[in-house]
>>> print(open('start.pdb').read())   # PDB, C-alpha atoms
MODEL        1
ATOM      1  CA  MET G   1     113.548  79.945  83.604
ATOM      2  CA  ASP G   2     116.635  81.454  85.191
ATOM      3  CA  SER G   3     115.594  80.621  88.716
ATOM      4  CA  LEU G   4     115.176  76.944  87.840
ATOM      5  CA  LYS G   5     118.803  76.794  86.686
ATOM      6  CA  LEU G   6     119.697  77.749  90.229
ATOM      7  CA  LEU G   7     117.585  74.931  91.691
ATOM      8  CA  ARG G   8     120.447  72.442  91.575
ATOM      9  CA  PRO G   9     123.053  74.595  93.381
ATOM     10  CA  ILE G  10     120.354  75.695  95.861
ATOM     11  CA  LEU G  11     119.483  72.094  96.713
ATOM     12  CA  LEU G  12     123.182  71.165  96.807
ATOM     13  CA  THR G  13     123.647  73.909  99.387
ATOM     14  CA  ALA G  14     120.571  73.573 101.602
ATOM     15  CA  LEU G  15     120.135  69.796 101.748
ATOM     16  CA  PRO G  16     123.689  68.650 102.635
ATOM     17  CA  ALA G  17     123.864  71.463 105.192
ATOM     18  CA  GLY G  18     120.507  70.348 106.614
ATOM     19  CA  LEU G  19     121.670  66.747 106.802
ATOM     20  CA  LEU G  20     124.893  67.711 108.578
ATOM     21  CA  ALA G  21     123.113  70.010 111.030
ATOM     22  CA  SER G  22     120.402  67.481 111.819
ATOM     23  CA  ILE G  23     122.875  64.798 112.915
ATOM     24  CA  LEU G  24     124.252  66.644 115.946
ATOM     25  CA  ALA G  25     120.824  68.015 116.900
ATOM     26  CA  ALA G  26     119.163  64.609 116.549
ATOM     27  CA  LEU G  27     121.811  62.880 118.676
ATOM     28  CA  PHE G  28     121.346  65.512 121.375
ATOM     29  CA  GLN G  29     117.550  65.248 121.151
ATOM     30  CA  ASN G  30     117.743  61.483 121.376
ATOM     31  CA  ALA G  31     119.965  61.547 124.465
ATOM     32  CA  PHE G  32     118.641  64.557 126.375
ATOM     33  CA  VAL G  33     115.222  65.646 125.070
ATOM     34  CA  GLU G  34     113.330  62.485 124.130
ATOM     35  CA  PRO G  35     113.625  60.912 127.627
ATOM     36  CA  LEU G  36     111.891  63.975 129.111
ATOM     37  CA  ILE G  37     109.037  63.694 126.575
ATOM     38  CA  LEU G  38     108.560  60.059 127.577
ATOM     39  CA  GLN G  39     108.586  60.930 131.270
ATOM     40  CA  ALA G  40     106.036  63.691 130.694
ATOM     41  CA  GLU G  41     103.743  61.338 128.796
ATOM     42  CA  ALA G  42     103.609  59.164 131.878
ATOM     43  CA  PHE G  43     102.008  62.123 133.687
ATOM     44  CA  GLU G  44      99.450  62.833 130.986
ATOM     45  CA  VAL G  45      95.999  61.897 132.229
ATOM     46  CA  ALA G  46      95.206  59.933 129.107
ATOM     47  CA  ASN G  47      98.259  57.758 129.603
ATOM     48  CA  LEU G  48      97.748  56.842 133.232
ATOM     49  CA  GLN G  49      96.883  53.290 132.276
ATOM     50  CA  ASN G  50     100.276  53.024 130.661
ATOM     51  CA  PRO G  51     102.648  54.751 133.080
ATOM     52  CA  ASN G  52     105.832  53.609 131.378
ATOM     53  CA  PRO G  53     105.583  54.360 127.694
ATOM     54  CA  THR G  54     108.365  52.602 125.893
ATOM     55  CA  VAL G  55     110.417  54.132 123.154
ATOM     56  CA  ASP G  56     110.669  52.064 120.029
ATOM     57  CA  LEU G  57     113.008  52.308 117.113
ATOM     58  CA  ALA G  58     110.276  53.520 114.747
ATOM     59  CA  ARG G  59     109.520  56.461 117.011
ATOM     60  CA  LEU G  60     113.188  57.444 117.209
ATOM     61  CA  ALA G  61     113.517  57.107 113.429
ATOM     62  CA  LEU G  62     110.476  59.346 112.870
ATOM     63  CA  THR G  63     111.876  61.951 115.245
ATOM     64  CA  PHE G  64     115.184  61.869 113.385
ATOM     65  CA  LEU G  65     113.276  62.233 110.098
ATOM     66  CA  THR G  66     111.370  65.229 111.481
ATOM     67  CA  THR G  67     114.634  66.831 112.591
ATOM     68  CA  LEU G  68     116.076  66.209 109.126
ATOM     69  CA  ILE G  69     113.041  67.737 107.380
ATOM     70  CA  VAL G  70     113.060  70.789 109.655
ATOM     71  CA  ALA G  71     116.836  71.208 109.251
ATOM     72  CA  CYS G  72     116.522  71.047 105.447
ATOM     73  CA  ALA G  73     113.638  73.550 105.579
ATOM     74  CA  TYR G  74     115.774  75.913 107.669
ATOM     75  CA  GLY G  75     118.671  75.262 105.282
ATOM     76  CA  LEU G  76     116.504  76.383 102.349
ATOM     77  CA  LEU G  77     115.260  79.465 104.201
ATOM     78  CA  LEU G  78     118.812  80.401 105.198
ATOM     79  CA  THR G  79     120.005  79.875 101.612
ATOM     80  CA  ALA G  80     117.175  82.153 100.461
ATOM     81  CA  ALA G  81     118.111  84.847 102.992
ATOM     82  CA  LEU G  82     121.795  84.647 102.035
ATOM     83  CA  MET G  83     120.928  84.941  98.343
ATOM     84  CA  PHE G  84     118.694  87.959  99.006
ATOM     85  CA  ALA G  85     121.586  89.513 100.933
ATOM     86  CA  GLY G  86     124.258  88.561  98.383
ATOM     87  CA  GLU G  87     127.860  89.492  99.153
ATOM     88  CA  ARG G  88     126.826  92.030 101.789
ATOM     89  CA  GLY G  89     125.767  89.069 103.944
ATOM     90  CA  VAL G  90     129.386  87.879 104.252
ATOM     91  CA  LEU G  91     132.116  89.473 106.370
ATOM     92  CA  GLN G  92     135.136  90.042 104.130
ATOM     93  CA  GLY G  93     137.532  87.103 104.455
ATOM     94  CA  ARG G  94     135.687  85.616 107.432
ATOM     95  CA  PRO G  95     133.289  83.020 106.057
ATOM     96  CA  MET G  96     133.230  80.889 109.215
ATOM     97  CA  ALA G  97     132.366  83.830 111.477
ATOM     98  CA  SER G  98     129.739  84.935 108.952
ATOM     99  CA  GLY G  99     128.196  81.467 108.878
ATOM    100  CA  LEU G 100     128.016  81.285 112.669
ATOM    101  CA  LEU G 101     126.421  84.744 112.777
ATOM    102  CA  TRP G 102     123.792  83.681 110.230
ATOM    103  CA  GLY G 103     123.216  80.528 112.282
ATOM    104  CA  GLY G 104     122.862  82.614 115.425
ATOM    105  CA  ALA G 105     120.398  84.877 113.640
ATOM    106  CA  GLY G 106     118.320  81.859 112.563
ATOM    107  CA  PHE G 107     118.359  80.542 116.133
ATOM    108  CA  PHE G 108     117.207  83.916 117.426
ATOM    109  CA  VAL G 109     114.455  84.298 114.817
ATOM    110  CA  PHE G 110     113.004  80.776 114.908
ATOM    111  CA  HIS G 111     113.639  79.726 118.499
ATOM    112  CA  LEU G 112     114.832  82.302 120.990
ATOM    113  CA  ALA G 113     112.345  85.080 120.139
ATOM    114  CA  PRO G 114     109.293  82.744 119.972
ATOM    115  CA  ALA G 115     110.459  81.004 123.195
ATOM    116  CA  ILE G 116     110.045  84.283 125.107
ATOM    117  CA  GLY G 117     106.270  84.005 124.642
ATOM    118  CA  LEU G 118     105.803  80.316 123.917
ATOM    119  CA  PRO G 119     108.607  78.349 125.588
ATOM    120  CA  PRO G 120     109.142  74.804 124.325
ATOM    121  CA  GLU G 121     106.652  72.717 126.242
ATOM    122  CA  LEU G 122     106.176  69.070 127.037
ATOM    123  CA  PRO G 123     103.195  67.006 125.977
ATOM    124  CA  GLY G 124     100.495  67.365 128.623
ATOM    125  CA  MET G 125     101.208  71.014 129.375
ATOM    126  CA  PRO G 126      98.160  73.282 129.185
ATOM    127  CA  ALA G 127      98.185  75.510 126.114
ATOM    128  CA  ALA G 128      95.987  78.073 124.384
ATOM    129  CA  ASP G 129      94.185  77.495 121.090
ATOM    130  CA  LEU G 130      96.515  75.898 118.516
ATOM    131  CA  VAL G 131      95.770  78.298 115.663
ATOM    132  CA  ASP G 132      96.223  81.332 117.938
ATOM    133  CA  ARG G 133      99.633  80.032 118.975
ATOM    134  CA  GLN G 134     100.648  79.242 115.398
ATOM    135  CA  VAL G 135      99.677  82.754 114.280
ATOM    136  CA  TRP G 136     101.659  84.323 117.139
ATOM    137  CA  TRP G 137     104.656  82.085 116.415
ATOM    138  CA  LEU G 138     104.650  82.974 112.724
ATOM    139  CA  GLY G 139     104.151  86.681 113.423
ATOM    140  CA  THR G 140     107.052  86.679 115.880
ATOM    141  CA  VAL G 141     109.321  84.901 113.396
ATOM    142  CA  VAL G 142     108.455  87.372 110.604
ATOM    143  CA  CYS G 143     108.854  90.462 112.857
ATOM    144  CA  SER G 144     112.161  89.232 114.318
ATOM    145  CA  ALA G 145     113.594  88.323 110.904
ATOM    146  CA  ALA G 146     112.569  91.696 109.461
ATOM    147  CA  ALA G 147     114.123  93.479 112.447
ATOM    148  CA  LEU G 148     117.485  91.719 112.058
ATOM    149  CA  TRP G 149     117.441  92.444 108.318
ATOM    150  CA  LEU G 150     116.799  96.147 108.912
ATOM    151  CA  LEU G 151     119.489  96.302 111.603
ATOM    152  CA  PHE G 152     122.291  94.418 109.889
ATOM    153  CA  LEU G 153     121.661  94.430 106.146
ATOM    154  CA  THR G 154     120.400  97.900 105.401
ATOM    155  CA  HIS G 155     122.829 100.729 105.993
ATOM    156  CA  ARG G 156     120.142 103.123 107.132
ATOM    157  CA  PRO G 157     120.321 104.040 110.833
ATOM    158  CA  VAL G 158     116.959 105.768 110.457
ATOM    159  CA  LEU G 159     115.390 102.288 110.243
ATOM    160  CA  ALA G 160     116.835 101.164 113.596
ATOM    161  CA  PRO G 161     113.811 102.411 115.596
ATOM    162  CA  VAL G 162     111.516 100.466 113.237
ATOM    163  CA  ALA G 163     113.629  97.366 113.897
ATOM    164  CA  ALA G 164     113.389  97.939 117.643
ATOM    165  CA  ILE G 165     109.597  98.189 117.414
ATOM    166  CA  LEU G 166     109.430  94.980 115.360
ATOM    167  CA  LEU G 167     111.604  93.195 117.928
ATOM    168  CA  VAL G 168     109.422  94.063 120.918
ATOM    169  CA  LEU G 169     105.974  94.219 119.280
ATOM    170  CA  PRO G 170     105.098  90.472 119.483
ATOM    171  CA  HIS G 171     106.087  90.409 123.154
ATOM    172  CA  VAL G 172     104.161  93.573 123.999
ATOM    173  CA  LEU G 173     101.069  92.108 122.293
ATOM    174  CA  GLY G 174     101.795  88.893 124.197
ATOM    175  CA  ALA G 175     101.545  85.242 123.238
ATOM    176  CA  PRO G 176      98.239  83.431 123.740
ATOM    177  CA  HIS G 177      98.105  81.556 127.038
ATOM    178  CA  PRO G 178      95.444  79.376 128.651
ATOM    179  CA  ASN G 179      93.551  80.648 131.688
ATOM    180  CA  ASN G 180      94.360  77.596 133.744
ATOM    181  CA  LEU G 181      98.023  76.599 133.971
ATOM    182  CA  GLU G 182      97.541  73.593 136.211
ATOM    183  CA  THR G 183      99.237  70.427 135.009
ATOM    184  CA  ALA G 184     100.313  67.059 136.308
ATOM    185  CA  VAL G 185     103.727  67.503 134.677
ATOM    186  CA  PRO G 186     106.314  68.396 137.370
ATOM    187  CA  ALA G 187     107.756  71.915 137.049
ATOM    188  CA  GLY G 188     111.350  70.662 137.176
ATOM    189  CA  LEU G 189     110.741  68.340 134.246
ATOM    190  CA  ALA G 190     109.186  71.138 132.210
ATOM    191  CA  ALA G 191     112.046  73.512 133.012
ATOM    192  CA  ALA G 192     114.685  70.960 132.035
ATOM    193  CA  PHE G 193     112.829  70.265 128.798
ATOM    194  CA  THR G 194     112.626  73.952 127.875
ATOM    195  CA  ALA G 195     116.350  74.476 128.455
ATOM    196  CA  ARG G 196     117.353  71.355 126.548
ATOM    197  CA  ALA G 197     114.998  72.002 123.640
ATOM    198  CA  ILE G 198     116.475  75.480 123.205
ATOM    199  CA  ALA G 199     119.976  73.978 123.381
ATOM    200  CA  ALA G 200     119.026  71.432 120.710
ATOM    201  CA  SER G 201     117.901  74.276 118.422
ATOM    202  CA  LEU G 202     121.213  76.081 118.899
ATOM    203  CA  LEU G 203     123.060  72.861 118.110
ATOM    204  CA  LEU G 204     121.082  72.689 114.888
ATOM    205  CA  TRP G 205     121.504  76.299 113.817
ATOM    206  CA  LEU G 206     125.218  76.965 114.374
ATOM    207  CA  PRO G 207     126.480  74.094 112.168
ATOM    208  CA  LEU G 208     123.675  74.863 109.698
ATOM    209  CA  GLY G 209     124.787  78.489 109.364
ATOM    210  CA  ALA G 210     128.431  77.561 108.862
ATOM    211  CA  ALA G 211     127.609  74.806 106.355
ATOM    212  CA  VAL G 212     125.085  76.819 104.332
ATOM    213  CA  LEU G 213     127.452  79.761 104.032
ATOM    214  CA  TRP G 214     130.401  77.585 103.007
ATOM    215  CA  LEU G 215     128.351  75.673 100.414
ATOM    216  CA  ALA G 216     126.596  78.803  99.120
ATOM    217  CA  LYS G 217     129.974  80.423  98.403
ATOM    218  CA  ARG G 218     131.273  77.208  96.845
ATOM    219  CA  ASN G 219     128.190  76.948  94.629
ATOM    220  CA  ALA G 220     128.512  80.625  93.638
ATOM    221  CA  LEU G 221     125.036  81.476  94.959
ATOM    222  CA  LEU G 222     126.100  84.795  96.467
ATOM    223  CA  ALA G 223     127.996  86.302  93.584
ATOM    224  CA  THR G 224     126.488  89.162  91.652
ATOM    225  CA  THR G 225     129.419  89.708  89.327
ATOM    226  CA  ASP G 226     130.644  86.173  88.569
ATOM    227  CA  ALA G 227     129.549  84.684  85.311
ATOM    228  CA  GLY G 228     127.162  81.750  85.512
TER     229      GLY G 228
ATOM    230  CA  MET S 229     140.688 104.060  85.016
ATOM    231  CA  LYS S 230     137.608 102.519  83.472
ATOM    232  CA  SER S 231     135.847 104.336  80.686
ATOM    233  CA  ALA S 232     132.219 105.267  81.145
ATOM    234  CA  THR S 233     131.220 102.658  78.585
ATOM    235  CA  ALA S 234     133.110  99.919  80.414
ATOM    236  CA  VAL S 235     131.386 100.827  83.664
ATOM    237  CA  GLN S 236     128.029 100.863  81.897
ATOM    238  CA  ARG S 237     128.726  97.484  80.322
ATOM    239  CA  GLN S 238     129.749  96.055  83.694
ATOM    240  CA  SER S 239     126.639  97.254  85.521
ATOM    241  CA  ALA S 240     124.459  96.081  82.653
ATOM    242  CA  ALA S 241     125.979  92.616  83.065
ATOM    243  CA  ARG S 242     125.497  92.731  86.823
ATOM    244  CA  ALA S 243     121.817  93.619  86.775
ATOM    245  CA  PRO S 244     120.457  90.397  85.229
ATOM    246  CA  LEU S 245     122.693  88.342  87.528
ATOM    247  CA  ALA S 246     121.283  90.109  90.571
ATOM    248  CA  ALA S 247     117.764  89.531  89.221
ATOM    249  CA  LYS S 248     118.602  85.863  88.719
ATOM    250  CA  ARG S 249     119.899  85.655  92.283
ATOM    251  CA  ILE S 250     116.704  87.222  93.628
ATOM    252  CA  ALA S 251     114.588  84.819  91.561
ATOM    253  CA  GLY S 252     116.629  81.895  92.916
ATOM    254  CA  ALA S 253     116.278  83.224  96.449
ATOM    255  CA  SER S 254     112.496  83.386  96.023
ATOM    256  CA  LEU S 255     112.478  79.793  94.814
ATOM    257  CA  ALA S 256     114.519  78.683  97.851
ATOM    258  CA  LEU S 257     112.177  80.650 100.118
ATOM    259  CA  ILE S 258     109.068  78.937  98.717
ATOM    260  CA  LEU S 259     110.642  75.475  98.955
ATOM    261  CA  GLY S 260     111.796  76.161 102.514
ATOM    262  CA  LEU S 261     108.367  77.392 103.620
ATOM    263  CA  GLY S 262     106.743  74.329 102.051
ATOM    264  CA  LEU S 263     109.085  71.944 103.823
ATOM    265  CA  LEU S 264     108.710  73.803 107.140
ATOM    266  CA  THR S 265     104.930  73.495 106.819
ATOM    267  CA  VAL S 266     105.225  69.734 106.353
ATOM    268  CA  GLY S 267     107.695  69.260 109.202
ATOM    269  CA  GLY S 268     106.328  71.729 111.725
ATOM    270  CA  PHE S 269     102.759  72.665 110.987
ATOM    271  CA  ALA S 270     100.782  70.302 108.747
ATOM    272  CA  SER S 271      97.879  68.739 110.590
ATOM    273  CA  GLY S 272      96.493  65.304 109.890
ATOM    274  CA  ASP S 273      96.916  62.533 112.415
ATOM    275  CA  LEU S 274      99.578  60.608 110.540
ATOM    276  CA  LEU S 275     101.876  63.604 109.976
ATOM    277  CA  HIS S 276     101.250  64.948 113.455
ATOM    278  CA  ASP S 277     101.976  61.670 115.193
ATOM    279  CA  ALA S 278     105.090  61.020 113.133
ATOM    280  CA  ALA S 279     106.485  64.480 113.784
ATOM    281  CA  HIS S 280     105.187  64.724 117.364
ATOM    282  CA  ASP S 281     108.403  64.493 119.411
ATOM    283  CA  GLY S 282     110.367  66.578 116.939
ATOM    284  CA  ARG S 283     107.724  69.303 116.989
ATOM    285  CA  HIS S 284     107.791  69.481 120.760
ATOM    286  CA  SER S 285     111.566  69.626 120.735
ATOM    287  CA  PHE S 286     111.638  72.453 118.183
ATOM    288  CA  ALA S 287     108.820  74.241 120.028
ATOM    289  CA  PHE S 288     106.449  74.422 117.087
ATOM    290  CA  PRO S 289     102.972  75.016 118.510
ATOM    291  CA  CYS S 290     101.650  71.469 118.820
ATOM    292  CA  HIS S 291      98.268  69.937 119.890
TER     293      HIS S 291
ENDMDL
END
>>> encode(input="start.pdb", output="structure tokens")
Amino acid sequence: MDSLKLLRPILLTALPAGLLASILAALFQNAFVEPLILQAEAFEVANLQNPNPTVDLARLALTFLTTLIVACAYGLLLTAALMFAGERGVLQGRPMASGLLWGGAGFFVFHLAPAIGLPPELPGMPAADLVDRQVWWLGTVVCSAAALWLLFLTHRPVLAPVAAILLVLPHVLGAPHPNNLETAVPAGLAAAFTARAIAASLLLWLPLGAAVLWLAKRNALLATTDAG
Amino acid sequence: MKSATAVQRQSAARAPLAAKRIAGASLALILGLGLLTVGGFASGDLLHDAAHDGRHSFAFPCH
């Protein structure tokens, strides 16, 4: 199997990049995001008996592990996208700029576009049905990714209107929201959390884009003409 | 200037490499989707609780 021969260089691209990207994001989450989650839990009705939830090392370790898993997943998806694009996904002689652009695209697709309809929210915030939200999230990610691909990786201006429709469609349809938005979580806390969570995602994606692109070139994953 | 045969030979060599790259990309895509499902979406109390804070931070629909 030809594709299995590529498994090793794929893993050696996506996983180290994921590890690198998760470190900065996890440190930021630990310092700026996690404290807000703990504060919000104190406002959750179910936790009123325990108004000061403590953070233990196991919880921090699990959050770091989650960040690592998600970063490696994004690393694999970005490696896949870069391989589909091949050399046309790299600006001539500007690998770092290309990597940051790919990272920015990933941030837009997986975080910024979904956040327009479903902003990052604290535990205890009212939310619509879970499956409805997951379907909308996934649909938005797929539409946004397809739109960026059509805009930047096909050289067919005729497809630009299709891309524009894909970009706005999820937001015109609208994300699922609950009827009652009342919550005990203070608005300021929720706003700070949303801003910081989005910042954490950007801190994950920019280094991830740069690292995946650098490693993908090094591991000859983008070449169509090289032997091997 | 390259002869027609040389050009043909070159593009013939390029085609399987491109196919191999696409096959590899598909493999990476499947692995990435699998890992994203585990980290961001899989239900089950143990997985959910372990990934809880991370999921909120990355704004995966949670709860």
>>> atom_distance(input="start.pdb", atom1="atom CA of G:Leu204", atom2="atom CA of G:Ala25")
5.1 Å
>>> resolve_selection(input="start.pdb", expression="the PyMOL selection byres ((chain S) within 9 of (chain G))", output="PyMOL selection string")
chain S and resi 238-239+241-246+248-269+278-291
>>> atom_distance(input="start.pdb", atom1="atom CA of G:Thr183", atom2="atom CA of G:Phe43")
8.9 Å
>>> resolve_selection(input="start.pdb", expression="the PyMOL selection byres ((chain G and resi 146) around 12)", output="PyMOL selection string")
chain G and resi 81+105-106+109+139-145+147-154+159-160+162-167
>>> atom_distance(input="start.pdb", atom1="atom CA of G:Ala192", atom2="atom CA of G:Ala40")
11.4 Å
>>> build_atoms(input="start.pdb", residues="stretch 77-105 of chain G", atoms="N, CA and C atoms", output="mmCIF file, keeping the file's coordinate frame")
data_model
loop_
_atom_site.group_PDB
_atom_site.id
_atom_site.type_symbol
_atom_site.label_atom_id
_atom_site.label_comp_id
_atom_site.auth_asym_id
_atom_site.auth_seq_id
_atom_site.Cartn_x
_atom_site.Cartn_y
_atom_site.Cartn_z
ATOM 1 N N LEU G 77 115.605 78.082 103.836
ATOM 2 C CA LEU G 77 115.260 79.465 104.201
ATOM 3 C C LEU G 77 116.533 80.299 104.399
ATOM 4 N N LEU G 78 117.556 79.674 104.993
ATOM 5 C CA LEU G 78 118.812 80.401 105.198
ATOM 6 C C LEU G 78 119.501 80.662 103.853
ATOM 7 N N THR G 79 119.450 79.676 102.956
ATOM 8 C CA THR G 79 120.005 79.875 101.612
ATOM 9 C C THR G 79 119.287 81.031 100.924
ATOM 10 N N ALA G 80 117.956 81.065 101.066
ATOM 11 C CA ALA G 80 117.175 82.153 100.461
ATOM 12 C C ALA G 80 117.618 83.500 101.032
ATOM 13 N N ALA G 81 117.735 83.578 102.357
ATOM 14 C CA ALA G 81 118.111 84.847 102.992
ATOM 15 C C ALA G 81 119.498 85.298 102.533
ATOM 16 N N LEU G 82 120.433 84.319 102.471
ATOM 17 C CA LEU G 82 121.795 84.647 102.035
ATOM 18 C C LEU G 82 121.803 85.149 100.591
ATOM 19 N N MET G 83 120.967 84.517 99.754
ATOM 20 C CA MET G 83 120.928 84.941 98.343
ATOM 21 C C MET G 83 120.304 86.326 98.218
ATOM 22 N N PHE G 84 119.266 86.607 99.015
ATOM 23 C CA PHE G 84 118.694 87.959 99.006
ATOM 24 C C PHE G 84 119.765 88.971 99.429
ATOM 25 N N ALA G 85 120.571 88.587 100.438
ATOM 26 C CA ALA G 85 121.586 89.513 100.933
ATOM 27 C C ALA G 85 122.759 89.635 99.962
ATOM 28 N N GLY G 86 123.110 88.534 99.284
ATOM 29 C CA GLY G 86 124.258 88.561 98.383
ATOM 30 C C GLY G 86 125.554 88.764 99.161
ATOM 31 N N GLU G 87 126.536 89.361 98.532
ATOM 32 C CA GLU G 87 127.860 89.492 99.153
ATOM 33 C C GLU G 87 127.836 90.333 100.430
ATOM 34 N N ARG G 88 126.807 91.208 100.568
ATOM 35 C CA ARG G 88 126.826 92.030 101.789
ATOM 36 C C ARG G 88 126.488 91.206 103.020
ATOM 37 N N GLY G 89 126.050 89.950 102.817
ATOM 38 C CA GLY G 89 125.767 89.069 103.944
ATOM 39 C C GLY G 89 126.992 88.329 104.450
ATOM 40 N N VAL G 90 128.167 88.593 103.861
ATOM 41 C CA VAL G 90 129.386 87.879 104.252
ATOM 42 C C VAL G 90 130.443 88.881 104.700
ATOM 43 N N LEU G 91 131.016 88.629 105.906
ATOM 44 C CA LEU G 91 132.116 89.473 106.370
ATOM 45 C C LEU G 91 133.333 89.170 105.505
ATOM 46 N N GLN G 92 133.992 90.220 105.025
ATOM 47 C CA GLN G 92 135.136 90.042 104.130
ATOM 48 C C GLN G 92 136.176 89.101 104.731
ATOM 49 N N GLY G 93 136.462 88.004 104.036
ATOM 50 C CA GLY G 93 137.532 87.103 104.455
ATOM 51 C C GLY G 93 137.230 86.301 105.709
ATOM 52 N N ARG G 94 136.004 86.370 106.199
ATOM 53 C CA ARG G 94 135.687 85.616 107.432
ATOM 54 C C ARG G 94 134.415 84.792 107.239
ATOM 55 N N PRO G 95 134.497 83.803 106.356
ATOM 56 C CA PRO G 95 133.289 83.020 106.057
ATOM 57 C C PRO G 95 132.768 82.232 107.264
ATOM 58 N N MET G 96 133.702 81.698 108.085
ATOM 59 C CA MET G 96 133.230 80.889 109.215
ATOM 60 C C MET G 96 132.470 81.753 110.222
ATOM 61 N N ALA G 97 133.046 82.924 110.551
ATOM 62 C CA ALA G 97 132.366 83.830 111.477
ATOM 63 C C ALA G 97 131.020 84.266 110.890
ATOM 64 N N SER G 98 130.996 84.532 109.585
ATOM 65 C CA SER G 98 129.739 84.935 108.952
ATOM 66 C C SER G 98 128.689 83.833 109.067
ATOM 67 N N GLY G 99 129.125 82.599 108.809
ATOM 68 C CA GLY G 99 128.196 81.467 108.878
ATOM 69 C C GLY G 99 127.624 81.295 110.271
ATOM 70 N N LEU G 100 128.495 81.434 111.290
ATOM 71 C CA LEU G 100 128.016 81.285 112.669
ATOM 72 C C LEU G 100 127.057 82.420 113.034
ATOM 73 N N LEU G 101 127.332 83.628 112.510
ATOM 74 C CA LEU G 101 126.421 84.744 112.777
ATOM 75 C C LEU G 101 125.058 84.505 112.126
ATOM 76 N N TRP G 102 125.063 84.003 110.894
ATOM 77 C CA TRP G 102 123.792 83.681 110.230
ATOM 78 C C TRP G 102 123.057 82.582 111.004
ATOM 79 N N GLY G 103 123.827 81.595 111.482
ATOM 80 C CA GLY G 103 123.216 80.528 112.282
ATOM 81 C C GLY G 103 122.620 81.080 113.563
ATOM 82 N N GLY G 104 123.362 81.980 114.205
ATOM 83 C CA GLY G 104 122.862 82.614 115.425
ATOM 84 C C GLY G 104 121.604 83.417 115.157
ATOM 85 N N ALA G 105 121.582 84.090 114.001
ATOM 86 C CA ALA G 105 120.398 84.877 113.640
ATOM 87 C C ALA G 105 119.189 83.959 113.443
#
